[in-house]
Amino acid sequence: MRVIEIDGGSGPAEALRLAERPDPVAGPGEIRIRVRAAGVNRPDLLQRIGAYPPPPGASDIPGLEVAGEVDQVGPARDDRAPGRWRIGDRVCALLAGGGYADLAVVDARHALPIPDGVDFVTAASLPETVFTVFANVFEAGQLQPGETLLVHGATSGIGVTAIQMAKASGARVIATSRGAAKAEAAKALGADVSLDARTDDLAARIAEAGGADVVLDMVGAAYAEMNLNALRTGGRWVVIATQTGPQAQIDLLRLMLKQAVLTGSTLRRRPADEKARLAQAVERTVWPWVASGAVRPPIDATFPLDQAALAHLRLEAGEHIGKIVLRL
């Protein structure tokens, strides 16, 4: 099979190399997917520069989400029977690695059926972002209908998915992004208040909008004080990335007085059983929104597998609106 390997260097052109490897074989409780599309995500960039290595036992090939057809079903295992799946089933799946390849093997419990009317490119844009938003906004953040979500980086893959999922749940959304075009795009996706970080006084505008019950923070240190100020009493501040740095100084007394919760998580290193539980919850709650069209992250660009370096460059440039996907 064709794969993209990381082979030294940090720039995409130097580090990403098209290669061939033996076809993987589905083991007990696993399925093998003939990959038709693979999502490109910021953790892939971090892995490329050596800042986010795969967890023990995971493939060293980048790629955390794929869509395609089941082409091999491994033997059953008592704790992870793959009996749900048949050869030819259209699925998308969350991976710990291995998505940039013609074939990907995955725990059968981490795959979900592709709803009717959803193509492979769109399906490949879903698992990493939907699982991340559900785990952090709806489970850790406990967002409820009628509450307000503040999401930074609102036109990133995570951001557009968070807007759509929050609106589908009946919540209100305040979105921040960089540039007028991105602010307009976030508004078009459903944000009730869409702010331009380049021209708006974010702290003042968020306060005018009434603050937030849940903050989804991908920015980190630079927005820490603003996020604390934005929280309503009983608010939840969820950190999933630290693009401006991980070290922040916050007023713990204010956190206490607001009866607020500060939490954070990563997805890739969660145990397989936890990802299986999360997949079931996503299928129950989010998949009806996907099937109805309420959650369909916009696709910014697609690239063939052998142009993975260009996909990384597009993501690194930060001008994208929505998801970037590799086509196989």
# chains A, B, ... in the order shown; residues from 1 in each chain; ligands from 1
>>> closest_atom_pairs(of="stretch 198-310 of chain A", to="stretch 178-190 of chain A", cutoff="10 Å", atoms="only C-alpha atoms", output="JSON lines")
{"residue": "A:Arg198", "atom": "CA", "partner": "A:Arg178", "partner_atom": "CA", "distance": 5.7}
{"residue": "A:Thr199", "atom": "CA", "partner": "A:Gly179", "partner_atom": "CA", "distance": 7.9}
{"residue": "A:Asp200", "atom": "CA", "partner": "A:Arg178", "partner_atom": "CA", "distance": 9.8}
{"residue": "A:Ala294", "atom": "CA", "partner": "A:Leu189", "partner_atom": "CA", "distance": 10.0}
{"residue": "A:Val295", "atom": "CA", "partner": "A:Leu189", "partner_atom": "CA", "distance": 9.8}
{"residue": "A:Arg296", "atom": "CA", "partner": "A:Leu189", "partner_atom": "CA", "distance": 9.8}
{"residue": "A:Pro297", "atom": "CA", "partner": "A:Leu189", "partner_atom": "CA", "distance": 9.0}
{"residue": "A:Pro298", "atom": "CA", "partner": "A:Leu189", "partner_atom": "CA", "distance": 9.0}
>>> residues_around(residues="stretch 313-315 of chain A", least_positions_apart="3", cutoff="9 Å", atoms="only C-alpha atoms", output="mmCIF file with N, CA and C atoms, in the first residue's frame")
data_model
loop_
_atom_site.group_PDB
_atom_site.id
_atom_site.type_symbol
_atom_site.label_atom_id
_atom_site.label_comp_id
_atom_site.auth_asym_id
_atom_site.auth_seq_id
_atom_site.Cartn_x
_atom_site.Cartn_y
_atom_site.Cartn_z
ATOM 1 N N GLY A 11 9.902 20.892 7.869
ATOM 2 C CA GLY A 11 9.029 21.439 6.846
ATOM 3 C C GLY A 11 8.332 20.324 6.101
ATOM 4 N N PRO A 12 7.092 20.556 5.627
ATOM 5 C CA PRO A 12 6.350 19.481 4.963
ATOM 6 C C PRO A 12 7.082 18.868 3.781
ATOM 7 N N ALA A 13 7.680 19.692 2.933
ATOM 8 C CA ALA A 13 8.327 19.163 1.734
ATOM 9 C C ALA A 13 9.493 18.251 2.083
ATOM 10 N N VAL A 40 -6.997 15.927 7.612
ATOM 11 C CA VAL A 40 -5.714 16.523 7.997
ATOM 12 C C VAL A 40 -5.986 17.447 9.183
ATOM 13 N N ASN A 41 -5.253 17.244 10.270
ATOM 14 C CA ASN A 41 -5.515 17.981 11.507
ATOM 15 C C ASN A 41 -4.225 18.541 12.089
ATOM 16 N N ARG A 42 -4.376 19.524 12.968
ATOM 17 C CA ARG A 42 -3.203 20.151 13.567
ATOM 18 C C ARG A 42 -2.298 19.159 14.302
ATOM 19 N N LEU A 45 0.437 18.044 12.103
ATOM 20 C CA LEU A 45 1.553 18.985 11.961
ATOM 21 C C LEU A 45 2.524 18.835 13.128
ATOM 22 N N ALA A 301 -10.380 22.503 1.404
ATOM 23 C CA ALA A 301 -9.572 22.059 0.269
ATOM 24 C C ALA A 301 -9.339 20.562 0.373
ATOM 25 N N ALA A 308 0.383 15.498 0.232
ATOM 26 C CA ALA A 308 0.150 15.734 1.661
ATOM 27 C C ALA A 308 0.927 16.951 2.160
ATOM 28 N N ALA A 309 2.112 17.188 1.590
ATOM 29 C CA ALA A 309 2.894 18.352 2.005
ATOM 30 C C ALA A 309 2.141 19.648 1.715
ATOM 31 N N LEU A 310 1.463 19.723 0.579
ATOM 32 C CA LEU A 310 0.682 20.927 0.266
ATOM 33 C C LEU A 310 -0.495 21.079 1.225
ATOM 34 N N GLY A 318 -2.941 28.954 7.947
ATOM 35 C CA GLY A 318 -3.991 29.475 8.804
ATOM 36 C C GLY A 318 -5.090 30.240 8.100
ATOM 37 N N GLU A 319 -5.140 30.165 6.781
ATOM 38 C CA GLU A 319 -6.164 30.894 6.034
ATOM 39 C C GLU A 319 -7.375 30.023 5.699
ATOM 40 N N HIS A 320 -7.331 28.768 6.087
ATOM 41 C CA HIS A 320 -8.420 27.853 5.745
ATOM 42 C C HIS A 320 -9.682 28.153 6.545
ATOM 43 N N LYS A 323 -12.376 22.202 7.003
ATOM 44 C CA LYS A 323 -11.483 21.066 7.033
ATOM 45 C C LYS A 323 -10.659 20.925 5.754
ATOM 46 N N ILE A 324 -9.481 20.329 5.904
ATOM 47 C CA ILE A 324 -8.610 19.973 4.789
ATOM 48 C C ILE A 324 -8.515 18.442 4.771
#
>>> residues_around(residues="A:Val238", least_positions_apart="6", cutoff="9 Å", atoms="only C-alpha atoms", output="mmCIF file with N, CA, C and O atoms, in the first residue's frame")
data_model
loop_
_atom_site.group_PDB
_atom_site.id
_atom_site.type_symbol
_atom_site.label_atom_id
_atom_site.label_comp_id
_atom_site.auth_asym_id
_atom_site.auth_seq_id
_atom_site.Cartn_x
_atom_site.Cartn_y
_atom_site.Cartn_z
ATOM 1 N N ASN A 136 -15.346 17.391 24.823
ATOM 2 C CA ASN A 136 -14.926 18.580 25.565
ATOM 3 C C ASN A 136 -16.036 19.588 25.805
ATOM 4 O O ASN A 136 -16.128 20.166 26.888
ATOM 5 N N VAL A 137 -16.884 19.811 24.818
ATOM 6 C CA VAL A 137 -17.958 20.802 24.971
ATOM 7 C C VAL A 137 -19.170 20.202 25.671
ATOM 8 O O VAL A 137 -19.748 20.815 26.576
ATOM 9 N N ALA A 140 -17.226 17.237 29.105
ATOM 10 C CA ALA A 140 -16.488 18.018 30.110
ATOM 11 C C ALA A 140 -17.140 19.373 30.353
ATOM 12 O O ALA A 140 -17.260 19.820 31.493
ATOM 13 N N GLY A 141 -17.567 20.052 29.286
ATOM 14 C CA GLY A 141 -18.149 21.384 29.406
ATOM 15 C C GLY A 141 -19.620 21.404 29.759
ATOM 16 O O GLY A 141 -20.153 22.442 30.162
ATOM 17 N N VAL A 214 -19.710 28.210 28.603
ATOM 18 C CA VAL A 214 -18.625 27.287 28.254
ATOM 19 C C VAL A 214 -17.677 28.004 27.309
ATOM 20 O O VAL A 214 -18.125 28.647 26.353
ATOM 21 N N VAL A 215 -16.375 27.899 27.574
ATOM 22 C CA VAL A 215 -15.345 28.432 26.677
ATOM 23 C C VAL A 215 -14.557 27.254 26.121
ATOM 24 O O VAL A 215 -14.023 26.441 26.882
ATOM 25 N N LEU A 216 -14.510 27.144 24.793
ATOM 26 C CA LEU A 216 -13.664 26.145 24.142
ATOM 27 C C LEU A 216 -12.405 26.862 23.679
ATOM 28 O O LEU A 216 -12.438 27.666 22.748
ATOM 29 N N ASP A 217 -11.294 26.565 24.339
ATOM 30 C CA ASP A 217 -10.058 27.336 24.177
ATOM 31 C C ASP A 217 -9.006 26.523 23.439
ATOM 32 O O ASP A 217 -8.528 25.508 23.933
ATOM 33 N N MET A 218 -8.642 26.999 22.249
ATOM 34 C CA MET A 218 -7.543 26.401 21.494
ATOM 35 C C MET A 218 -6.350 27.345 21.422
ATOM 36 O O MET A 218 -5.370 27.043 20.764
ATOM 37 N N VAL A 261 -15.164 26.069 36.540
ATOM 38 C CA VAL A 261 -14.353 24.869 36.359
ATOM 39 C C VAL A 261 -13.384 25.104 35.212
ATOM 40 O O VAL A 261 -13.783 25.558 34.133
ATOM 41 N N LEU A 262 -12.108 24.816 35.440
ATOM 42 C CA LEU A 262 -11.084 24.856 34.404
ATOM 43 C C LEU A 262 -10.607 23.430 34.174
ATOM 44 O O LEU A 262 -10.159 22.758 35.107
ATOM 45 N N THR A 263 -10.727 22.965 32.933
ATOM 46 C CA THR A 263 -10.348 21.588 32.640
ATOM 47 C C THR A 263 -9.745 21.517 31.242
ATOM 48 O O THR A 263 -9.759 22.493 30.496
ATOM 49 N N GLY A 264 -9.197 20.384 30.905
ATOM 50 C CA GLY A 264 -8.604 20.201 29.585
ATOM 51 C C GLY A 264 -8.405 18.728 29.300
ATOM 52 O O GLY A 264 -8.500 17.895 30.199
ATOM 53 N N SER A 265 -8.145 18.406 28.044
ATOM 54 C CA SER A 265 -7.934 17.000 27.701
ATOM 55 C C SER A 265 -7.297 16.881 26.330
ATOM 56 O O SER A 265 -7.237 17.840 25.564
#
>>> residues_around(residues="stretch 126-135 of chain A", least_positions_apart="4", cutoff="9 Å", atoms="only C-alpha atoms", output="MDAnalysis selection string")
chainID A and resid 39 41 64:66 92:95 111:112 122 139:141 157:159 161:162 165 216 240 265:267 275 278:279 281:282 286 296:297
>>> residues_around(residues="stretch 208-213 of chain A", least_positions_apart="3", cutoff="8 Å", atoms="only C-alpha atoms", output="MDAnalysis selection string")
chainID A and resid 143 147:150 174 193 204:205 230:236
>>> write_last_selection(atoms="C-alpha atoms", output="PDB file, in the first residue's frame")
ATOM      1  CA  LEU A 143     -23.144  22.630  27.460  1.00  0.00           C
ATOM      2  CA  GLU A 147     -26.490  28.309  27.302  1.00  0.00           C
ATOM      3  CA  THR A 148     -23.726  30.195  25.472  1.00  0.00           C
ATOM      4  CA  LEU A 149     -20.563  28.659  24.026  1.00  0.00           C
ATOM      5  CA  LEU A 150     -17.549  30.882  23.338  1.00  0.00           C
ATOM      6  CA  ILE A 174     -20.026  33.563  20.355  1.00  0.00           C
ATOM      7  CA  VAL A 193     -22.077  36.765  17.611  1.00  0.00           C
ATOM      8  CA  ALA A 204     -15.423  44.203  25.563  1.00  0.00           C
ATOM      9  CA  ARG A 205     -17.530  42.608  22.826  1.00  0.00           C
ATOM     10  CA  ALA A 230     -15.799  35.859  29.983  1.00  0.00           C
ATOM     11  CA  LEU A 231     -17.057  33.047  32.223  1.00  0.00           C
ATOM     12  CA  ARG A 232     -20.449  33.408  33.832  1.00  0.00           C
ATOM     13  CA  THR A 233     -21.035  32.095  37.352  1.00  0.00           C
ATOM     14  CA  GLY A 234     -20.740  28.312  37.203  1.00  0.00           C
ATOM     15  CA  GLY A 235     -18.966  28.493  33.831  1.00  0.00           C
ATOM     16  CA  ARG A 236     -16.715  25.822  32.356  1.00  0.00           C
TER      17      ARG A 236
END
>>> atom_distance(atom1="atom CA of A:Arg268", atom2="atom CA of A:Pro43")
9.1 Å
>>> closest_residue(among="A:Ala101, A:Ala171, A:Ala96, A:Ala15", to="A:Arg2", atoms="only C-alpha atoms")
A:Ala101
>>> residues_around(residues="A:Ala154", least_positions_apart="6", cutoff="8 Å", atoms="only C-alpha atoms", output="JSON, numbers by chain")
{"A": [160, 162, 163, 175, 176, 177, 186]}
>>> residues_around(residues="stretch 246-251 of chain A", least_positions_apart="5", cutoff="12 Å", atoms="only C-alpha atoms", output="list in words")
Asp217, Met218, Val219, Gly220, Ala221, Ala222, Tyr223, Ala224, Glu225, Met226, Asn227, Leu228, Asn229, Val239, Ile240, Ala241, Met256, Leu257, Lys258, Ala260, Leu262 and Gly264 of chain A
>>> closest_residue(among="A:Pro22, A:Gly98, A:Ala124, A:Thr285", to="A:Ala166", atoms="only C-alpha atoms")
A:Thr285
